[in-house]
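Below: query37.cif (mmCIF, C-alpha atoms)
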```
data_upload
loop_
_atom_site.group_PDB
_atom_site.id
_atom_site.type_symbol
_atom_site.label_atom_id
_atom_site.label_comp_id
_atom_site.auth_asym_id
_atom_site.auth_seq_id
_atom_site.Cartn_x
_atom_site.Cartn_y
_atom_site.Cartn_z
ATOM 1 C CA MET Z 1 185.209 26.275 -123.070
ATOM 2 C CA VAL Z 2 183.906 29.292 -121.128
ATOM 3 C CA SER Z 3 186.347 31.989 -119.989
ATOM 4 C CA PRO Z 4 186.693 32.429 -116.187
ATOM 5 C CA MET Z 5 185.156 35.923 -116.351
ATOM 6 C CA ILE Z 6 182.082 34.736 -118.232
ATOM 7 C CA GLY Z 7 181.859 31.679 -115.980
ATOM 8 C CA GLN Z 8 181.773 33.914 -112.876
ATOM 9 C CA PHE Z 9 179.184 36.151 -114.539
ATOM 10 C CA LEU Z 10 176.941 33.150 -115.275
ATOM 11 C CA ALA Z 11 177.373 31.804 -111.731
ATOM 12 C CA ASP Z 12 176.410 35.191 -110.277
ATOM 13 C CA ALA Z 13 173.432 35.461 -112.638
ATOM 14 C CA ARG Z 14 172.146 32.058 -111.525
ATOM 15 C CA SER Z 15 172.629 32.947 -107.843
ATOM 16 C CA TYR Z 16 171.106 36.422 -107.756
ATOM 17 C CA GLY Z 17 169.510 36.871 -111.156
ATOM 18 C CA PRO Z 18 168.585 40.223 -112.632
ATOM 19 C CA ALA Z 19 169.975 42.327 -109.734
ATOM 20 C CA VAL Z 20 173.529 41.106 -110.442
ATOM 21 C CA ILE Z 21 173.184 41.663 -114.163
ATOM 22 C CA ARG Z 22 171.825 45.176 -113.498
ATOM 23 C CA ALA Z 23 174.802 45.861 -111.219
ATOM 24 C CA LYS Z 24 177.297 44.815 -113.857
ATOM 25 C CA TYR Z 25 175.595 47.110 -116.346
ATOM 26 C CA SER Z 26 174.894 50.097 -114.049
ATOM 27 C CA LEU Z 27 178.374 50.037 -112.515
ATOM 28 C CA ARG Z 28 180.262 49.158 -115.696
ATOM 29 C CA HIS Z 29 182.389 52.331 -115.466
ATOM 30 C CA ALA Z 30 183.607 51.603 -111.922
ATOM 31 C CA ASP Z 31 187.356 51.065 -111.645
ATOM 32 C CA GLN Z 32 186.793 48.074 -109.373
ATOM 33 C CA LEU Z 33 183.609 46.055 -108.991
ATOM 34 C CA GLY Z 34 183.450 43.271 -106.422
ATOM 35 C CA THR Z 35 181.580 40.005 -106.666
ATOM 36 C CA ARG Z 36 177.868 39.546 -106.030
ATOM 37 C CA VAL Z 37 177.111 43.265 -106.190
ATOM 38 C CA ARG Z 38 173.361 43.814 -106.669
ATOM 39 C CA VAL Z 39 171.409 46.792 -107.979
ATOM 40 C CA ASP Z 40 167.638 47.182 -107.774
ATOM 41 C CA GLY Z 41 166.233 49.867 -110.073
ATOM 42 C CA ARG Z 42 168.200 52.343 -112.172
ATOM 43 C CA PRO Z 43 170.780 54.432 -110.315
ATOM 44 C CA ILE Z 44 172.627 57.345 -111.880
ATOM 45 C CA VAL Z 45 176.336 56.525 -111.870
ATOM 46 C CA GLN Z 46 179.007 58.965 -113.071
ATOM 47 C CA ASN Z 47 182.664 58.090 -112.745
ATOM 48 C CA ARG Z 48 185.066 60.820 -113.826
ATOM 49 C CA GLY Z 49 187.536 60.007 -111.029
ATOM 50 C CA THR Z 50 188.030 56.715 -109.200
ATOM 51 C CA MET Z 51 185.195 54.445 -108.106
ATOM 52 C CA ARG Z 52 185.831 51.237 -106.173
ATOM 53 C CA ILE Z 53 182.981 48.990 -105.077
ATOM 54 C CA GLY Z 54 183.564 45.959 -102.852
ATOM 55 C CA ASP Z 55 181.949 42.541 -102.659
ATOM 56 C CA ARG Z 56 178.257 41.967 -101.888
ATOM 57 C CA VAL Z 57 177.304 45.650 -102.052
ATOM 58 C CA ARG Z 58 173.586 46.276 -102.563
ATOM 59 C CA ILE Z 59 172.251 49.491 -104.084
ATOM 60 C CA ARG Z 60 168.535 50.288 -104.303
ATOM 61 C CA SER Z 61 167.223 52.876 -106.706
ATOM 62 C CA THR Z 62 163.561 51.928 -106.887
ATOM 63 C CA VAL Z 63 161.194 54.425 -105.239
ATOM 64 C CA ALA Z 64 163.623 57.324 -105.813
ATOM 65 C CA THR Z 65 166.802 57.481 -107.890
ATOM 66 C CA THR Z 66 170.125 56.867 -106.146
ATOM 67 C CA GLU Z 67 173.105 58.849 -107.473
ATOM 68 C CA LEU Z 68 176.759 57.825 -107.178
ATOM 69 C CA VAL Z 69 179.310 60.335 -108.492
ATOM 70 C CA ALA Z 70 183.109 60.399 -108.530
ATOM 71 C CA GLU Z 71 184.198 63.756 -109.958
ATOM 72 C CA ARG Z 72 187.579 64.500 -111.553
ATOM 73 C CA GLY Z 73 190.223 63.907 -108.915
ATOM 74 C CA GLY Z 74 187.634 62.390 -106.569
ATOM 75 C CA THR Z 75 187.525 58.880 -105.133
ATOM 76 C CA LEU Z 76 184.391 57.024 -104.113
ATOM 77 C CA GLU Z 77 185.146 53.853 -102.142
ATOM 78 C CA ILE Z 78 182.354 51.530 -101.068
ATOM 79 C CA GLU Z 79 183.703 48.595 -99.086
ATOM 80 C CA ASP Z 80 182.218 45.088 -98.730
ATOM 81 C CA ARG Z 81 178.607 44.335 -97.699
ATOM 82 C CA VAL Z 82 177.402 47.952 -97.793
ATOM 83 C CA TYR Z 83 173.683 48.621 -98.294
ATOM 84 C CA ILE Z 84 172.609 51.899 -99.919
ATOM 85 C CA ASN Z 85 168.862 52.519 -99.930
ATOM 86 C CA PHE Z 86 166.862 54.459 -102.523
ATOM 87 C CA GLY Z 87 167.111 58.206 -103.099
ATOM 88 C CA CYS Z 88 170.669 58.629 -101.786
ATOM 89 C CA ASN Z 89 173.105 61.158 -103.258
ATOM 90 C CA ILE Z 90 176.777 60.321 -102.779
ATOM 91 C CA ALA Z 91 179.314 62.557 -104.517
ATOM 92 C CA ALA Z 92 183.100 62.541 -104.168
ATOM 93 C CA SER Z 93 185.134 65.566 -105.258
ATOM 94 C CA LEU Z 94 188.037 64.468 -103.032
ATOM 95 C CA LEU Z 95 187.148 61.301 -101.074
ATOM 96 C CA VAL Z 96 184.052 59.571 -99.799
ATOM 97 C CA ARG Z 97 184.841 56.245 -98.132
ATOM 98 C CA ILE Z 98 182.046 53.990 -96.854
ATOM 99 C CA GLY Z 99 183.300 51.230 -94.561
ATOM 100 C CA ALA Z 100 182.319 47.575 -94.672
ATOM 101 C CA ASP Z 101 178.941 46.483 -93.261
ATOM 102 C CA THR Z 102 177.574 50.051 -93.334
ATOM 103 C CA GLN Z 103 173.864 50.635 -93.924
ATOM 104 C CA ILE Z 104 172.630 53.874 -95.459
ATOM 105 C CA GLY Z 105 168.915 54.646 -95.191
ATOM 106 C CA PRO Z 106 166.728 56.266 -97.841
ATOM 107 C CA HIS Z 107 167.342 59.812 -99.039
ATOM 108 C CA CYS Z 108 170.732 60.284 -97.351
ATOM 109 C CA MET Z 109 173.276 62.762 -98.725
ATOM 110 C CA LEU Z 110 177.060 62.443 -98.512
ATOM 111 C CA LEU Z 111 178.732 65.296 -100.406
ATOM 112 C CA ASP Z 112 182.382 66.096 -99.707
ATOM 113 C CA SER Z 113 182.090 69.553 -101.281
ATOM 114 C CA ALA Z 114 179.726 72.429 -100.508
ATOM 115 C CA TYR Z 115 179.984 73.384 -104.230
ATOM 116 C CA HIS Z 116 179.778 77.107 -103.455
ATOM 117 C CA ARG Z 117 180.797 79.546 -100.738
ATOM 118 C CA ILE Z 118 178.229 81.180 -98.477
ATOM 119 C CA GLU Z 119 179.592 84.737 -98.720
ATOM 120 C CA PRO Z 120 177.498 86.633 -101.323
ATOM 121 C CA GLU Z 121 180.528 88.155 -103.080
ATOM 122 C CA ARG Z 122 182.272 84.746 -103.326
ATOM 123 C CA ARG Z 123 179.239 82.586 -104.088
ATOM 124 C CA LEU Z 124 180.512 81.546 -107.524
ATOM 125 C CA GLU Z 125 183.778 80.227 -106.054
ATOM 126 C CA ARG Z 126 184.033 76.564 -105.235
ATOM 127 C CA PRO Z 127 185.516 75.751 -101.794
ATOM 128 C CA GLU Z 128 188.078 73.007 -101.305
ATOM 129 C CA PRO Z 129 186.439 69.603 -100.754
ATOM 130 C CA GLU Z 130 187.034 67.751 -97.481
ATOM 131 C CA ALA Z 131 186.943 63.957 -97.171
ATOM 132 C CA ILE Z 132 183.983 62.093 -95.693
ATOM 133 C CA VAL Z 133 184.761 58.774 -94.011
ATOM 134 C CA LEU Z 134 182.220 56.336 -92.640
ATOM 135 C CA GLU Z 135 184.113 53.670 -90.750
ATOM 136 C CA ARG Z 136 183.019 50.021 -90.478
ATOM 137 C CA ASN Z 137 179.432 49.125 -89.474
ATOM 138 C CA VAL Z 138 177.891 52.611 -89.452
ATOM 139 C CA TRP Z 139 174.121 53.025 -89.723
ATOM 140 C CA LEU Z 140 172.722 56.231 -91.218
ATOM 141 C CA SER Z 141 168.943 56.348 -90.783
ATOM 142 C CA ALA Z 142 166.625 58.011 -93.309
ATOM 143 C CA ARG Z 143 167.361 61.519 -94.622
ATOM 144 C CA VAL Z 144 170.725 61.974 -92.888
ATOM 145 C CA ILE Z 145 173.034 64.621 -94.333
ATOM 146 C CA VAL Z 146 176.792 64.264 -93.778
ATOM 147 C CA LEU Z 147 178.728 67.475 -94.409
ATOM 148 C CA PRO Z 148 182.275 67.741 -95.823
ATOM 149 C CA GLY Z 149 185.172 66.881 -93.528
ATOM 150 C CA VAL Z 150 183.238 64.486 -91.263
ATOM 151 C CA THR Z 151 184.402 61.091 -90.025
ATOM 152 C CA ILE Z 152 181.824 58.808 -88.411
ATOM 153 C CA GLY Z 153 183.434 56.209 -86.149
ATOM 154 C CA HIS Z 154 182.894 52.462 -86.397
ATOM 155 C CA ASP Z 155 179.701 50.884 -84.980
ATOM 156 C CA SER Z 156 177.964 54.291 -84.729
ATOM 157 C CA CYS Z 157 174.376 55.215 -85.527
ATOM 158 C CA VAL Z 158 172.906 58.507 -86.769
ATOM 159 C CA ALA Z 159 169.191 59.176 -86.139
ATOM 160 C CA ALA Z 160 166.778 59.980 -88.962
ATOM 161 C CA GLY Z 161 166.814 63.537 -90.272
ATOM 162 C CA SER Z 162 170.104 64.456 -88.620
ATOM 163 C CA VAL Z 163 172.727 66.762 -90.108
ATOM 164 C CA VAL Z 164 176.235 65.611 -89.170
ATOM 165 C CA THR Z 165 178.510 68.664 -89.031
ATOM 166 C CA LYS Z 166 181.440 67.272 -87.007
ATOM 167 C CA ASP Z 167 183.173 63.964 -86.319
ATOM 168 C CA VAL Z 168 181.284 61.209 -84.482
ATOM 169 C CA ALA Z 169 183.186 58.995 -82.042
ATOM 170 C CA PRO Z 170 183.089 55.197 -82.456
ATOM 171 C CA ARG Z 171 180.138 53.305 -80.891
ATOM 172 C CA THR Z 172 178.077 56.460 -80.502
ATOM 173 C CA PHE Z 173 174.441 57.350 -81.188
ATOM 174 C CA VAL Z 174 173.896 60.935 -82.402
ATOM 175 C CA ALA Z 175 170.744 62.828 -83.384
ATOM 176 C CA GLY Z 176 169.523 66.290 -84.338
ATOM 177 C CA VAL Z 177 170.294 69.328 -86.405
ATOM 178 C CA PRO Z 178 173.189 69.625 -85.913
ATOM 179 C CA ALA Z 179 173.759 66.059 -84.713
ATOM 180 C CA VAL Z 180 174.787 65.833 -81.043
ATOM 181 C CA PHE Z 181 175.763 62.992 -78.743
ATOM 182 C CA VAL Z 182 172.810 61.042 -77.332
ATOM 183 C CA ARG Z 183 174.454 57.969 -75.807
ATOM 184 C CA ASP Z 184 177.204 55.384 -76.141
ATOM 185 C CA LEU Z 185 176.437 52.095 -77.852
#
```

For the file at hand, write its structure as structure tokens.
Amino acid sequence: MVSPMIGQFLADARSYGPAVIRAKYSLRHADQLGTRVRVDGRPIVQNRGTMRIGDRVRIRSTVATTELVAERGGTLEIEDRVYINFGCNIAASLLVRIGADTQIGPHCMLLDSAYHRIEPERRLERPEPEAIVLERNVWLSARVIVLPGVTIGHDSCVAAGSVVTKDVAPRTFVAGVPAVFVRDL
């Protein structure tokens, strides 16, 4: 008789093959790992805090390495059906939450801490982290940078190469450095 956990593992392996097995191995230190999660390539995953990954998440780390980090006291939440393309850096010192059905293009960065202050005399001090929240069904195009303290509203889109420095309203298209309103969706 096969245990239910092993039975589910074998069913997933038959359905999706090596990508599911790679996900179970690569994300083995996650606090919660949903079903049918797939990983292509070899991401760097460090969980010193809390890491929750929902169902049917897909992470690519093929052309360039994707990094997922939950630091001490930090929480990284990736909800259901999220797609993270290659070369992304996502680090949570406090909270990074990625809503369901979100798509993140290649080489995006979501870091909830600046890791150092800008004033020369205080450069070795670490500022307080501020949460990053991507609500449901957000699309970040290639090379988008989301700065600490930003919330991107549901059904929004951020153009390639943009730097998001402030909150984005739901159903909005933004672009530029810094990202500004272009039009409603």

Please enumerate the residues selected by the PyMOL selection byres ((chain Z and resi 55) around 10) when evaluated against the supplied file, formatted as a ChimeraX atom specification. /Z:32-38,53-54,56-58,78-82,100

Restricted to C-alpha atoms, what would the selected residues look like written as a PDB file, in the coordinates of the input?
```
ATOM      1  CA  GLN Z  32     186.793  48.074-109.373  1.00  0.00           C
ATOM      2  CA  LEU Z  33     183.609  46.055-108.991  1.00  0.00           C
ATOM      3  CA  GLY Z  34     183.450  43.271-106.422  1.00  0.00           C
ATOM      4  CA  THR Z  35     181.580  40.005-106.666  1.00  0.00           C
ATOM      5  CA  ARG Z  36     177.868  39.546-106.030  1.00  0.00           C
ATOM      6  CA  VAL Z  37     177.111  43.265-106.190  1.00  0.00           C
ATOM      7  CA  ARG Z  38     173.361  43.814-106.669  1.00  0.00           C
ATOM      8  CA  ILE Z  53     182.981  48.990-105.077  1.00  0.00           C
ATOM      9  CA  GLY Z  54     183.564  45.959-102.852  1.00  0.00           C
ATOM     10  CA  ARG Z  56     178.257  41.967-101.888  1.00  0.00           C
ATOM     11  CA  VAL Z  57     177.304  45.650-102.052  1.00  0.00           C
ATOM     12  CA  ARG Z  58     173.586  46.276-102.563  1.00  0.00           C
ATOM     13  CA  ILE Z  78     182.354  51.530-101.068  1.00  0.00           C
ATOM     14  CA  GLU Z  79     183.703  48.595 -99.086  1.00  0.00           C
ATOM     15  CA  ASP Z  80     182.218  45.088 -98.730  1.00  0.00           C
ATOM     16  CA  ARG Z  81     178.607  44.335 -97.699  1.00  0.00           C
ATOM     17  CA  VAL Z  82     177.402  47.952 -97.793  1.00  0.00           C
ATOM     18  CA  ALA Z 100     182.319  47.575 -94.672  1.00  0.00           C
TER      19      ALA Z 100
END
```

Name the closest residue to Ser61 of chain Z among the candidates Z:Pro129, Z:Pro148, Z:Gly105, Z:Pro120; distances are taken between atoms, counting only C-alpha atoms. Z:Gly105

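One distance worth recording is that between atom CA of Ala175 of chain Z and atom CA of Glu135 of chain Z, which is 17.8 Å.
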
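With the shown file loaded, the PyMOL selection byres ((chain Z and resi 63) around 12) picks out Asp40, Gly41, Arg42, Pro43, Arg60, Ser61, Thr62, Ala64, Thr65, Thr66, Asn85, Phe86, Gly87, Cys88, Pro106 and His107 of chain Z.
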
Quick one: pull the distance between atom CA of Asp167 of chain Z and atom CA of Val138 of chain Z, Å, one decimal. 12.9 Å

What lies within 8 Å of segment 109-115 of chain Z using all atoms listed in the file, ignoring chain neighbours under 5 positions off, as an MDAnalysis selection string? chainID Z and resid 88:96 126:132 143:149

Once the PyMOL selection byres ((chain Z and resi 172) around 6) has been evaluated on this model, what residues remain selected, and can you format them as a ChimeraX atom specification? /Z:156,169-171,173,184-185

Spatial neighbours of Gly176 of chain Z, max dist 12 Å, all atoms listed in the file, sep filter under 3 positions, as a PyMOL selection string: chain Z and resi 141+143-145+158-165+173+179-182

Asp31 of chain Z: which residues within 12 Å, counting all atoms listed in the file, same-chain residues fewer than 3 positions away excluded, as a PyMOL selection string? chain Z and resi 27-28+34+46-54+70+75-78

Grab the atom CA of Trp139 of chain Z to atom CA of Cys157 of chain Z distance for me, in Å with one decimal place.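 Between atom CA of Trp139 of chain Z and atom CA of Cys157 of chain Z the gap is 4.7 Å.
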
Within 6 Å of Leu134 of chain Z, counting all atoms listed in the file, which residues qualify if same-chain residues fewer than 5 places away don't, as a list in words? Ile98, Gly99, Thr151 and Ile152 of chain Z

Out of Z:Leu140, Z:Ile118, Z:Val133, Z:Ile44, which residue has the shortest atom-to-atom distance to Tyr83 of chain Z when counting only C-alpha atoms?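 Ranking Z:Leu140, Z:Ile118, Z:Val133, Z:Ile44 by distance to Tyr83 of chain Z, first place goes to Z:Leu140.
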